[in-house]
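A short worksheet on the structure shown next.
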Amino acid sequence: MADKLPPTPKLDELEKGPWPSFVSEIKMAAKSSLASQDLLGLLERSYNEKIGHWKHGGIVGVLGYGGGVIGRYCDLPAEFPNVSHFHTVRVNQPAGWYYKTDALRKICDIWEKRGSGLTNMHGSTGDIILLGTRTDELEPIFAELTAIGFDLGGSGSDVRTPSCCLGKSRCEWACYDTMALTHDLTQSFQDELHRPAFPYKFKFKMSGCPNDCVASVARADISIIGTWRDNIRVNQDAVLEYTKNGLNIQKEVIAFCPGKCMEWDGKQLDIDNSTCRRCMHCINVMPKALRPGKDTGATVLIGSKAPIIEGALLSSVLIPFWKPVAPYTDLKDLMGRIWEIWCEEGKNRERIGEFIQRMGMGNFLETIGVEPIPEMVAHPRENPYVFYEEYLVEDDEEEGQDKN
Amino acid sequence: MATFEHGSVKIEVDEDGFMAEPENWNQDVALALASTEGVGAMTESHWKVANYLRDYYKQFGIAPMIRKLCKETGFSLKEIYDLYPSGPAKGACKVAGLPKPTGCV
């Protein structure tokens with residue numbers, strides 16, 4: 001089969017240099033997969049013509065589920081028959097992406113038999129992405145995946161497969177058990193995950209500490225980021241050890257502290273924890289000397305998204321400190337209230353962050369029954385057309401009345 | 001564009017099996033399309049969903065949001081999936097003769 005590879009001078013350029021190349025990977029798969037051969041030909045053609053040859057928006061799936069498979073068709077089926085259908089299957093990954101090689105082999109066996117053999121481990125959603133199959137293979141694929149203990153993930157306007165960093169399983173900074181929460185939310189929201197009924201997608205991402213290794217603050221509708229509310233634990237001897245080994249604490253730690261909460265007199269590192277922003281920078285630089293506090297939990301944030309239909313948003317604080325305790329009923333109840341108002345009033349393809357902007361944070365909080373608090377304010381208002389005097393006068397009057 | 005044949009019904013469909021010419025829809029077409037979507041027999045409940053989708057589409061030119069479909073027909077999402085196992089978008093809309101709903105991955 002290898003001798004049938006189409007000439008691909010433009011794609012070959014992408015194999016040069018010291019980096020991994022998806023072209024090399026597809027060529028490797030093309031030795032045993034006709035779909036991968038046609039994929040190379042189609043992509044080269046797109047590069048030549050500067051036009052994408054994938055049509056947008058197929059609707060395919062398996063019985064009982066509304067999501068999990070993304071339909072893809074090529075607009076040149078006569079010339080590239082083996083990629084005329086090239087559907088993507090999303091498979092729910094295990095929390096923290098832990099597998100035995102045995103499980104991976106089984107997934108790959110299914111995919112080489114019933115798909116192109118190409119995978120994406122993992123997609124930005126966190127799922128196992130199986131690239132390229134035909135409509136009539138979908139039900140057999142689903143049956144074989146479930147037989148080895150895997151399920152489809154989310155796609156379309158539903159809860160997307162919850163995803164997390166590896167948390168307490170390997171990371172000493174994890175402030176809560178991200179994998180346990182991810183597993184629990186995945187099980188609890190099976191209906192919402194498999195049967196799209198929302199205005200648009202809804203993502204949960206769990207990070208164990210403010211380093212936010214799954215970048216939840218930038219792309220999850222609900223970002224749950226580990227934090228602590230007591231003091232950073234300091235081992236002064238280990239701090240001294242770092243300086244002996246050449247670390248310039250003033251320049252490399254204190255100068256980067258966003259809260260300006262640290263002082264270093266050459267012997268002792270003092271931290272004013274009341275102004276600490278929990279950014280993790282000092283801990284990252286001196287991991288042997290500093291640790292997060294012991295009273296750990298998570299900050300729950302809402303509303304981030306990448307730019308697709310409108311611009312990018314970062315999450316903003318919804319609950320400054322939350323103790324994640326199974327079965328997490330408080331969080332799930334809150335989700336129920338959020339979905340209720342968003343599904344009722346949200347426009348088609350309006351993410352929760354955009355919805356909050358349209359509706360106003362104050363109105364939104366009132367509807368979901370959460371008290372507004374200062375921690376939710378990212379930045380004081382700077383609009384020069386707002387005259388604070390009016391508010392100040394009103395306050396004075398109110399105070400005056402109170403006195404009377 | 002492909003041709004879909006089932007009994008006496010012969011219609012043009014897109015690659016996902018949705019009607020290319022929704023104006024040619026009739027009850028026989030619905031029955032024929034239902035056979036491709038895991039719907040055993042079209043009961044009164046099936047028709048209630050299909051007719052609602054059809055009326056909404058005629059009025060607004062698009063498919064309703066799923067929450068609206070549930071509210072207006074009185075069926076829960078689970079009941080819709082019981083009626084149309086491939087779901088409201090792929091199953092019910094196809095049987096109701098709507099063109100393919102646009103969606104996002």
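Going through the structure tokens in order, the chains are called A, B, and so on, while each chain numbers its residues from 1 and the ligands are numbered from 1 in the order shown.
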message: Within 12 Å of chain A, which residues belong to chain B? Use only C-alpha atoms and report them as a PyMOL selection string.
response: chain B and resi 1+14-18+36-39+62-71+76-94+99-105
Mind writing the picked residues with C-alpha atoms as a PDB file, in the first residue's frame?
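The new file out-v3.pdb reads:
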ATOM      1  CA  MET B   1     -27.090  14.420  -3.229  1.00  0.00           C
ATOM      2  CA  ASP B  14     -28.267  14.894   1.831  1.00  0.00           C
ATOM      3  CA  GLU B  15     -25.371  12.737   3.060  1.00  0.00           C
ATOM      4  CA  ASP B  16     -26.903  12.497   6.537  1.00  0.00           C
ATOM      5  CA  GLY B  17     -30.269  11.435   5.141  1.00  0.00           C
ATOM      6  CA  PHE B  18     -32.094  14.741   5.694  1.00  0.00           C
ATOM      7  CA  THR B  36     -33.902   4.724   9.228  1.00  0.00           C
ATOM      8  CA  GLU B  37     -33.859   6.229  12.713  1.00  0.00           C
ATOM      9  CA  GLY B  38     -34.702   3.293  14.950  1.00  0.00           C
ATOM     10  CA  VAL B  39     -38.371   4.285  15.260  1.00  0.00           C
ATOM     11  CA  ILE B  62     -35.511  26.879  11.601  1.00  0.00           C
ATOM     12  CA  ALA B  63     -35.805  24.078  14.141  1.00  0.00           C
ATOM     13  CA  PRO B  64     -36.815  25.109  17.680  1.00  0.00           C
ATOM     14  CA  MET B  65     -34.398  24.864  20.585  1.00  0.00           C
ATOM     15  CA  ILE B  66     -34.732  21.573  22.390  1.00  0.00           C
ATOM     16  CA  ARG B  67     -36.043  23.106  25.601  1.00  0.00           C
ATOM     17  CA  LYS B  68     -38.863  24.707  23.650  1.00  0.00           C
ATOM     18  CA  LEU B  69     -39.679  21.424  21.947  1.00  0.00           C
ATOM     19  CA  CYS B  70     -39.981  19.706  25.342  1.00  0.00           C
ATOM     20  CA  LYS B  71     -42.089  22.486  26.805  1.00  0.00           C
ATOM     21  CA  SER B  76     -39.324  15.325  28.788  1.00  0.00           C
ATOM     22  CA  LEU B  77     -35.988  14.976  27.000  1.00  0.00           C
ATOM     23  CA  LYS B  78     -35.902  11.335  28.076  1.00  0.00           C
ATOM     24  CA  GLU B  79     -39.327  10.731  26.532  1.00  0.00           C
ATOM     25  CA  ILE B  80     -38.186  12.365  23.293  1.00  0.00           C
ATOM     26  CA  TYR B  81     -35.247   9.937  23.171  1.00  0.00           C
ATOM     27  CA  ASP B  82     -37.628   7.055  23.942  1.00  0.00           C
ATOM     28  CA  LEU B  83     -39.664   8.100  20.907  1.00  0.00           C
ATOM     29  CA  TYR B  84     -36.709   8.978  18.684  1.00  0.00           C
ATOM     30  CA  PRO B  85     -33.627   7.056  19.883  1.00  0.00           C
ATOM     31  CA  SER B  86     -31.241   9.056  17.711  1.00  0.00           C
ATOM     32  CA  GLY B  87     -32.377  12.229  19.436  1.00  0.00           C
ATOM     33  CA  PRO B  88     -34.422  15.310  18.592  1.00  0.00           C
ATOM     34  CA  ALA B  89     -31.949  16.804  16.104  1.00  0.00           C
ATOM     35  CA  LYS B  90     -30.931  13.747  14.128  1.00  0.00           C
ATOM     36  CA  GLY B  91     -34.077  11.649  14.606  1.00  0.00           C
ATOM     37  CA  ALA B  92     -37.145  13.810  15.116  1.00  0.00           C
ATOM     38  CA  CYS B  93     -36.115  16.635  12.771  1.00  0.00           C
ATOM     39  CA  LYS B  94     -35.270  14.169  10.018  1.00  0.00           C
ATOM     40  CA  PRO B  99     -33.413  20.197   6.491  1.00  0.00           C
ATOM     41  CA  LYS B 100     -30.339  19.357   8.557  1.00  0.00           C
ATOM     42  CA  PRO B 101     -30.183  21.535  11.671  1.00  0.00           C
ATOM     43  CA  THR B 102     -26.937  23.468  11.822  1.00  0.00           C
ATOM     44  CA  GLY B 103     -24.920  22.918  14.934  1.00  0.00           C
ATOM     45  CA  CYS B 104     -21.497  23.287  16.347  1.00  0.00           C
ATOM     46  CA  VAL B 105     -19.093  20.509  17.285  1.00  0.00           C
TER      47      VAL B 105
END
- request: Could you pull out the residues in chain B that DSSP calls alpha helix (DSSP H) from the backbone, as a VMD selection string?
  value: chain B and resid 27 to 34 44 to 60 66 to 73 77 to 83 87 93 to 95
With C-alpha atoms retained, write the just-selected residues as a compact mmCIF listing (two decimals), in the first residue's frame.
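Done, and the output landed in part.txt:
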# COMPACT_ATOMS: atom_id res chain seq x y z
CA GLN B 27 -46.84 11.29 6.09
CA ASP B 28 -45.56 8.48 3.88
CA VAL B 29 -42.18 10.20 3.70
CA ALA B 30 -42.18 10.50 7.50
CA LEU B 31 -42.89 6.78 7.86
CA ALA B 32 -40.12 5.95 5.41
CA LEU B 33 -37.57 8.19 7.15
CA ALA B 34 -38.63 6.86 10.58
CA GLU B 44 -49.64 9.45 18.25
CA SER B 45 -46.79 10.76 20.42
CA HIS B 46 -44.33 10.50 17.52
CA TRP B 47 -46.67 12.49 15.33
CA LYS B 48 -47.17 15.10 18.04
CA VAL B 49 -43.40 15.78 18.07
CA ALA B 50 -43.04 15.62 14.30
CA ASN B 51 -46.02 17.89 13.65
CA TYR B 52 -44.82 20.43 16.21
CA LEU B 53 -41.38 20.54 14.56
CA ARG B 54 -43.00 20.81 11.16
CA ASP B 55 -45.26 23.71 12.20
CA TYR B 56 -42.44 25.55 13.93
CA TYR B 57 -40.22 25.12 10.88
CA LYS B 58 -42.95 26.40 8.54
CA GLN B 59 -43.44 29.46 10.72
CA PHE B 60 -39.82 30.37 11.53
CA ILE B 66 -34.73 21.57 22.39
CA ARG B 67 -36.04 23.11 25.60
CA LYS B 68 -38.86 24.71 23.65
CA LEU B 69 -39.68 21.42 21.95
CA CYS B 70 -39.98 19.71 25.34
CA LYS B 71 -42.09 22.49 26.80
CA GLU B 72 -44.50 22.78 23.92
CA THR B 73 -45.03 19.06 23.39
CA LEU B 77 -35.99 14.98 27.00
CA LYS B 78 -35.90 11.34 28.08
CA GLU B 79 -39.33 10.73 26.53
CA ILE B 80 -38.19 12.37 23.29
CA TYR B 81 -35.25 9.94 23.17
CA ASP B 82 -37.63 7.06 23.94
CA LEU B 83 -39.66 8.10 20.91
CA GLY B 87 -32.38 12.23 19.44
CA CYS B 93 -36.11 16.64 12.77
CA LYS B 94 -35.27 14.17 10.02
CA VAL B 95 -38.60 12.38 10.30
query: What is the distance, in Å and to one decimal place, between CA of Leu185 (chain A) and CA of Pro327 (chain A)?
result: 9.2 Å
For Ser304 (chain A), please output as a short mmCIF file (atom, residue, chain, number, x, y, z; two decimals) with all heavy atoms, in the first residue's frame all residues within 12 Å (counting only C-alpha atoms; exclusion window: fewer than 2 positions along the same chain).
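Result went into result-v2.cif, see below:
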data_model
loop_
_atom_site.label_atom_id
_atom_site.label_comp_id
_atom_site.auth_asym_id
_atom_site.auth_seq_id
_atom_site.Cartn_x
_atom_site.Cartn_y
_atom_site.Cartn_z
N LYS A 201 -22.42 24.80 24.29
CA LYS A 201 -21.59 23.89 25.08
C LYS A 201 -21.39 24.38 26.52
O LYS A 201 -21.52 25.58 26.79
CB LYS A 201 -20.23 23.72 24.40
CG LYS A 201 -19.47 25.02 24.27
CD LYS A 201 -18.14 24.82 23.56
CE LYS A 201 -18.21 25.10 22.08
NZ LYS A 201 -16.89 25.19 21.44
N PHE A 202 -21.07 23.46 27.42
CA PHE A 202 -20.82 23.83 28.81
C PHE A 202 -19.69 22.96 29.34
O PHE A 202 -19.81 21.73 29.39
CB PHE A 202 -22.09 23.62 29.65
CG PHE A 202 -22.03 24.32 30.98
CD1 PHE A 202 -22.55 25.60 31.12
CD2 PHE A 202 -21.44 23.72 32.08
CE1 PHE A 202 -22.49 26.26 32.34
CE2 PHE A 202 -21.37 24.38 33.30
CZ PHE A 202 -21.90 25.65 33.44
N LYS A 203 -18.58 23.60 29.74
CA LYS A 203 -17.39 22.83 30.12
C LYS A 203 -17.04 22.99 31.60
O LYS A 203 -17.07 24.10 32.12
CB LYS A 203 -16.19 23.32 29.30
CG LYS A 203 -16.39 23.17 27.81
CD LYS A 203 -15.20 23.72 27.05
CE LYS A 203 -15.43 23.57 25.55
NZ LYS A 203 -14.34 24.14 24.77
N PHE A 204 -16.70 21.87 32.21
CA PHE A 204 -16.14 21.88 33.55
C PHE A 204 -14.67 21.52 33.44
O PHE A 204 -14.33 20.52 32.79
CB PHE A 204 -16.76 20.77 34.42
CG PHE A 204 -18.18 21.01 34.85
CD1 PHE A 204 -19.23 20.46 34.15
CD2 PHE A 204 -18.46 21.74 35.99
CE1 PHE A 204 -20.54 20.64 34.57
CE2 PHE A 204 -19.76 21.93 36.42
CZ PHE A 204 -20.81 21.38 35.70
N LYS A 205 -13.80 22.30 34.08
CA LYS A 205 -12.41 21.86 34.16
C LYS A 205 -11.90 22.07 35.57
O LYS A 205 -12.13 23.11 36.18
CB LYS A 205 -11.54 22.61 33.15
CG LYS A 205 -11.96 22.28 31.72
CD LYS A 205 -10.87 22.49 30.71
CE LYS A 205 -11.41 22.37 29.30
NZ LYS A 205 -11.77 21.00 28.94
N ALA A 215 -5.60 24.82 32.28
CA ALA A 215 -6.00 26.14 31.75
C ALA A 215 -7.50 26.37 31.88
O ALA A 215 -8.14 26.91 30.98
CB ALA A 215 -5.55 26.30 30.29
N SER A 216 -8.05 25.97 33.02
CA SER A 216 -9.50 26.06 33.17
C SER A 216 -9.96 27.52 33.19
O SER A 216 -11.06 27.82 32.74
CB SER A 216 -9.94 25.36 34.45
OG SER A 216 -9.44 26.02 35.57
N VAL A 217 -9.12 28.42 33.66
CA VAL A 217 -9.56 29.81 33.79
C VAL A 217 -9.78 30.45 32.42
O VAL A 217 -10.50 31.43 32.30
CB VAL A 217 -8.53 30.62 34.63
CG1 VAL A 217 -7.32 30.99 33.81
CG2 VAL A 217 -9.18 31.86 35.23
N ALA A 218 -9.17 29.86 31.39
CA ALA A 218 -9.28 30.47 30.07
C ALA A 218 -10.32 29.81 29.18
O ALA A 218 -10.64 30.33 28.12
CB ALA A 218 -7.92 30.43 29.38
N ARG A 219 -10.86 28.66 29.56
CA ARG A 219 -11.71 27.97 28.58
C ARG A 219 -12.86 27.18 29.14
O ARG A 219 -13.63 26.60 28.37
CB ARG A 219 -10.84 27.08 27.70
CG ARG A 219 -10.07 26.03 28.47
CD ARG A 219 -8.79 25.62 27.77
NE ARG A 219 -8.17 24.52 28.45
CZ ARG A 219 -8.16 23.27 27.99
NH1 ARG A 219 -8.72 22.98 26.86
NH2 ARG A 219 -7.57 22.32 28.68
N ALA A 220 -12.99 27.14 30.49
CA ALA A 220 -14.09 26.35 31.05
C ALA A 220 -15.22 27.27 31.50
O ALA A 220 -14.97 28.34 32.05
CB ALA A 220 -13.60 25.53 32.23
N ASP A 221 -16.44 26.84 31.27
CA ASP A 221 -17.57 27.63 31.75
C ASP A 221 -17.60 27.61 33.27
O ASP A 221 -17.97 28.59 33.90
CB ASP A 221 -18.87 27.07 31.17
CG ASP A 221 -18.88 27.20 29.66
OD1 ASP A 221 -19.27 28.27 29.19
OD2 ASP A 221 -18.46 26.26 28.97
N ILE A 222 -17.23 26.47 33.84
CA ILE A 222 -17.03 26.41 35.29
C ILE A 222 -15.59 25.95 35.53
O ILE A 222 -15.23 24.83 35.19
CB ILE A 222 -18.02 25.43 35.96
CG1 ILE A 222 -19.45 25.97 35.87
CG2 ILE A 222 -17.63 25.19 37.43
CD1 ILE A 222 -19.76 27.18 36.75
N SER A 223 -14.77 26.84 36.09
CA SER A 223 -13.38 26.50 36.41
C SER A 223 -13.32 26.27 37.91
O SER A 223 -13.74 27.13 38.69
CB SER A 223 -12.44 27.65 36.06
OG SER A 223 -12.84 28.31 34.89
N ILE A 224 -12.81 25.12 38.33
CA ILE A 224 -12.70 24.83 39.75
C ILE A 224 -11.21 24.68 40.05
O ILE A 224 -10.58 23.70 39.67
CB ILE A 224 -13.51 23.57 40.12
CG1 ILE A 224 -14.96 23.76 39.67
CG2 ILE A 224 -13.44 23.30 41.64
CD1 ILE A 224 -15.86 22.57 39.89
N VAL A 300 -14.34 28.51 42.86
CA VAL A 300 -15.19 28.17 41.71
C VAL A 300 -15.40 29.44 40.91
O VAL A 300 -15.83 30.47 41.44
CB VAL A 300 -16.55 27.60 42.17
CG1 VAL A 300 -17.41 27.26 40.97
CG2 VAL A 300 -16.34 26.37 43.05
N LEU A 301 -15.04 29.36 39.62
CA LEU A 301 -15.17 30.53 38.74
C LEU A 301 -16.11 30.19 37.59
O LEU A 301 -16.31 29.02 37.26
CB LEU A 301 -13.81 30.95 38.19
CG LEU A 301 -12.73 31.26 39.22
CD1 LEU A 301 -11.82 30.06 39.41
CD2 LEU A 301 -11.91 32.47 38.81
N ILE A 302 -16.64 31.22 36.99
CA ILE A 302 -17.63 30.98 35.93
C ILE A 302 -17.35 31.86 34.71
O ILE A 302 -16.85 32.97 34.84
CB ILE A 302 -19.06 31.26 36.47
CG1 ILE A 302 -20.13 30.82 35.48
CG2 ILE A 302 -19.26 32.74 36.83
CD1 ILE A 302 -21.52 30.73 36.07
N ALA A 306 -13.14 30.44 24.82
CA ALA A 306 -12.22 30.84 23.76
C ALA A 306 -13.03 31.58 22.70
O ALA A 306 -14.25 31.44 22.64
CB ALA A 306 -11.56 29.60 23.17
N PRO A 307 -12.35 32.38 21.87
CA PRO A 307 -13.12 33.12 20.87
C PRO A 307 -13.60 32.23 19.74
O PRO A 307 -12.79 31.67 19.02
CB PRO A 307 -12.13 34.16 20.35
CG PRO A 307 -10.79 33.61 20.65
CD PRO A 307 -10.93 32.71 21.83
N GLU A 310 -18.03 34.97 19.72
CA GLU A 310 -17.62 36.29 20.18
C GLU A 310 -16.23 36.17 20.79
O GLU A 310 -15.64 35.11 20.79
CB GLU A 310 -18.63 36.83 21.18
CG GLU A 310 -19.98 37.04 20.51
CD GLU A 310 -20.85 38.07 21.18
OE1 GLU A 310 -20.34 38.80 22.03
OE2 GLU A 310 -22.03 38.13 20.83
N GLY A 311 -15.72 37.25 21.37
CA GLY A 311 -14.35 37.27 21.85
C GLY A 311 -14.11 36.38 23.05
O GLY A 311 -15.03 35.83 23.63
N ALA A 312 -12.83 36.27 23.42
CA ALA A 312 -12.45 35.41 24.54
C ALA A 312 -12.83 36.06 25.87
O ALA A 312 -12.88 37.28 26.00
CB ALA A 312 -10.95 35.17 24.51
N LEU A 313 -13.14 35.23 26.84
CA LEU A 313 -13.41 35.70 28.20
C LEU A 313 -12.62 34.84 29.18
O LEU A 313 -12.42 33.66 28.94
CB LEU A 313 -14.91 35.53 28.54
CG LEU A 313 -15.92 36.42 27.83
CD1 LEU A 313 -17.33 35.96 28.16
CD2 LEU A 313 -15.73 37.86 28.25
N LEU A 314 -12.20 35.45 30.27
CA LEU A 314 -11.64 34.68 31.38
C LEU A 314 -12.72 34.45 32.42
O LEU A 314 -13.68 35.22 32.51
CB LEU A 314 -10.46 35.42 32.02
CG LEU A 314 -9.18 35.54 31.20
CD1 LEU A 314 -8.15 36.34 31.97
CD2 LEU A 314 -8.62 34.16 30.86
N SER A 315 -12.56 33.41 33.22
CA SER A 315 -13.54 33.14 34.27
C SER A 315 -13.49 34.22 35.33
O SER A 315 -12.44 34.81 35.58
CB SER A 315 -13.21 31.81 34.96
OG SER A 315 -13.50 30.75 34.12
N SER A 316 -14.62 34.43 35.98
CA SER A 316 -14.61 35.32 37.14
C SER A 316 -15.16 34.58 38.35
O SER A 316 -15.89 33.59 38.21
CB SER A 316 -15.41 36.59 36.86
OG SER A 316 -16.74 36.27 36.60
N VAL A 317 -14.80 35.07 39.52
CA VAL A 317 -15.08 34.31 40.75
C VAL A 317 -16.57 34.20 41.03
O VAL A 317 -17.30 35.20 40.96
CB VAL A 317 -14.37 34.99 41.95
CG1 VAL A 317 -14.78 34.33 43.26
CG2 VAL A 317 -12.87 34.92 41.77
N ARG A 351 -22.73 31.32 25.18
CA ARG A 351 -22.07 30.69 26.32
C ARG A 351 -22.51 31.39 27.60
O ARG A 351 -22.95 32.54 27.58
CB ARG A 351 -20.54 30.78 26.18
CG ARG A 351 -19.98 29.98 25.02
CD ARG A 351 -19.90 28.50 25.30
NE ARG A 351 -18.85 28.15 26.24
CZ ARG A 351 -17.60 27.85 25.91
NH1 ARG A 351 -17.22 27.86 24.65
NH2 ARG A 351 -16.71 27.52 26.83
N ILE A 352 -22.31 30.71 28.73
CA ILE A 352 -22.79 31.26 30.00
C ILE A 352 -22.11 32.59 30.31
O ILE A 352 -22.75 33.51 30.85
CB ILE A 352 -22.61 30.22 31.14
CG1 ILE A 352 -23.33 30.67 32.41
CG2 ILE A 352 -21.15 29.99 31.46
CD1 ILE A 352 -24.79 30.43 32.40
N GLY A 353 -20.84 32.74 29.92
CA GLY A 353 -20.12 33.99 30.18
C GLY A 353 -20.74 35.15 29.42
O GLY A 353 -20.92 36.25 29.96
N GLU A 354 -21.11 34.89 28.18
CA GLU A 354 -21.76 35.94 27.37
C GLU A 354 -23.15 36.25 27.91
O GLU A 354 -23.59 37.40 27.93
CB GLU A 354 -21.87 35.46 25.92
CG GLU A 354 -20.55 35.31 25.23
CD GLU A 354 -20.60 34.41 24.01
OE1 GLU A 354 -21.65 33.75 23.77
OE2 GLU A 354 -19.60 34.35 23.29
N PHE A 355 -23.81 35.19 28.36
CA PHE A 355 -25.15 35.35 28.92
C PHE A 355 -25.10 36.25 30.15
O PHE A 355 -25.93 37.15 30.32
CB PHE A 355 -25.71 33.97 29.27
CG PHE A 355 -27.03 34.01 29.97
CD1 PHE A 355 -28.17 34.43 29.30
CD2 PHE A 355 -27.14 33.62 31.29
CE1 PHE A 355 -29.39 34.47 29.96
CE2 PHE A 355 -28.35 33.65 31.95
CZ PHE A 355 -29.49 34.08 31.28
N ILE A 356 -24.09 36.03 31.00
CA ILE A 356 -23.95 36.85 32.21
C ILE A 356 -23.66 38.29 31.83
O ILE A 356 -24.21 39.23 32.42
CB ILE A 356 -22.85 36.28 33.13
CG1 ILE A 356 -23.28 34.92 33.67
CG2 ILE A 356 -22.54 37.23 34.28
CD1 ILE A 356 -22.18 34.16 34.41
N GLN A 357 -22.84 38.49 30.80
CA GLN A 357 -22.56 39.86 30.36
C GLN A 357 -23.83 40.55 29.87
O GLN A 357 -24.06 41.72 30.15
CB GLN A 357 -21.55 39.84 29.21
CG GLN A 357 -20.12 39.64 29.67
CD GLN A 357 -19.14 39.84 28.54
OE1 GLN A 357 -19.43 39.53 27.38
NE2 GLN A 357 -17.97 40.36 28.86
#
task: Within 9 Å of Glu12 (chain B), counting only C-alpha atoms, which residues show up once you throw out same-chain ones fewer than 4 positions away? Write them as a ChimeraX atom specification, please.
output: /B:1-5,17-21
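Straight-line separation from CA of Val13 (chain B) to CA of Gly40 (chain B): 21.1 Å.
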task: Find the residues near Lys294 (chain A): any atom within 10 Å, counting only C-alpha atoms, skip ones fewer than 2 places away on the same chain, and give them as a VMD selection string.
output: chain A and resid 175 227 to 233 291 to 292 296 to 297
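Between CA of Cys276 (chain A) and CA of Phe256 (chain A) the interatomic distance comes to 12.1 Å.
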message: DSSP on the backbone: which residues in region 124-355 of chain A end up as strand (DSSP E or B)? Give the answer as number ranges by chain.
response: A: 128-133, 152, 159, 163-164, 202, 204-207, 222-228, 233-234, 262-264, 269-271, 290-291, 296-302, 305, 313, 316-322
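Within 10 Å of Leu39 (chain A), once only C-alpha atoms are used and residues closer than 5 positions along the same chain are dropped, the contacting residues are Pro6, Ile26, Lys27, Ala30, Ser33, Leu34, Glu44, Arg45, Cys74, Phe80, Asn82, Val83, Ser84, Phe86, Ser116 and Gly132 of chain A.
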- request: Write out as a list in words the residues lying within 8 Å of region 110-113 of chain A, counting only C-alpha atoms and excluding same-chain residues fewer than 3 positions away.
  value: Ser33, Lys106, Ile107, Ser116, Gly117, Leu118, Leu130, Ile141, Glu144 and Leu145 of chain A
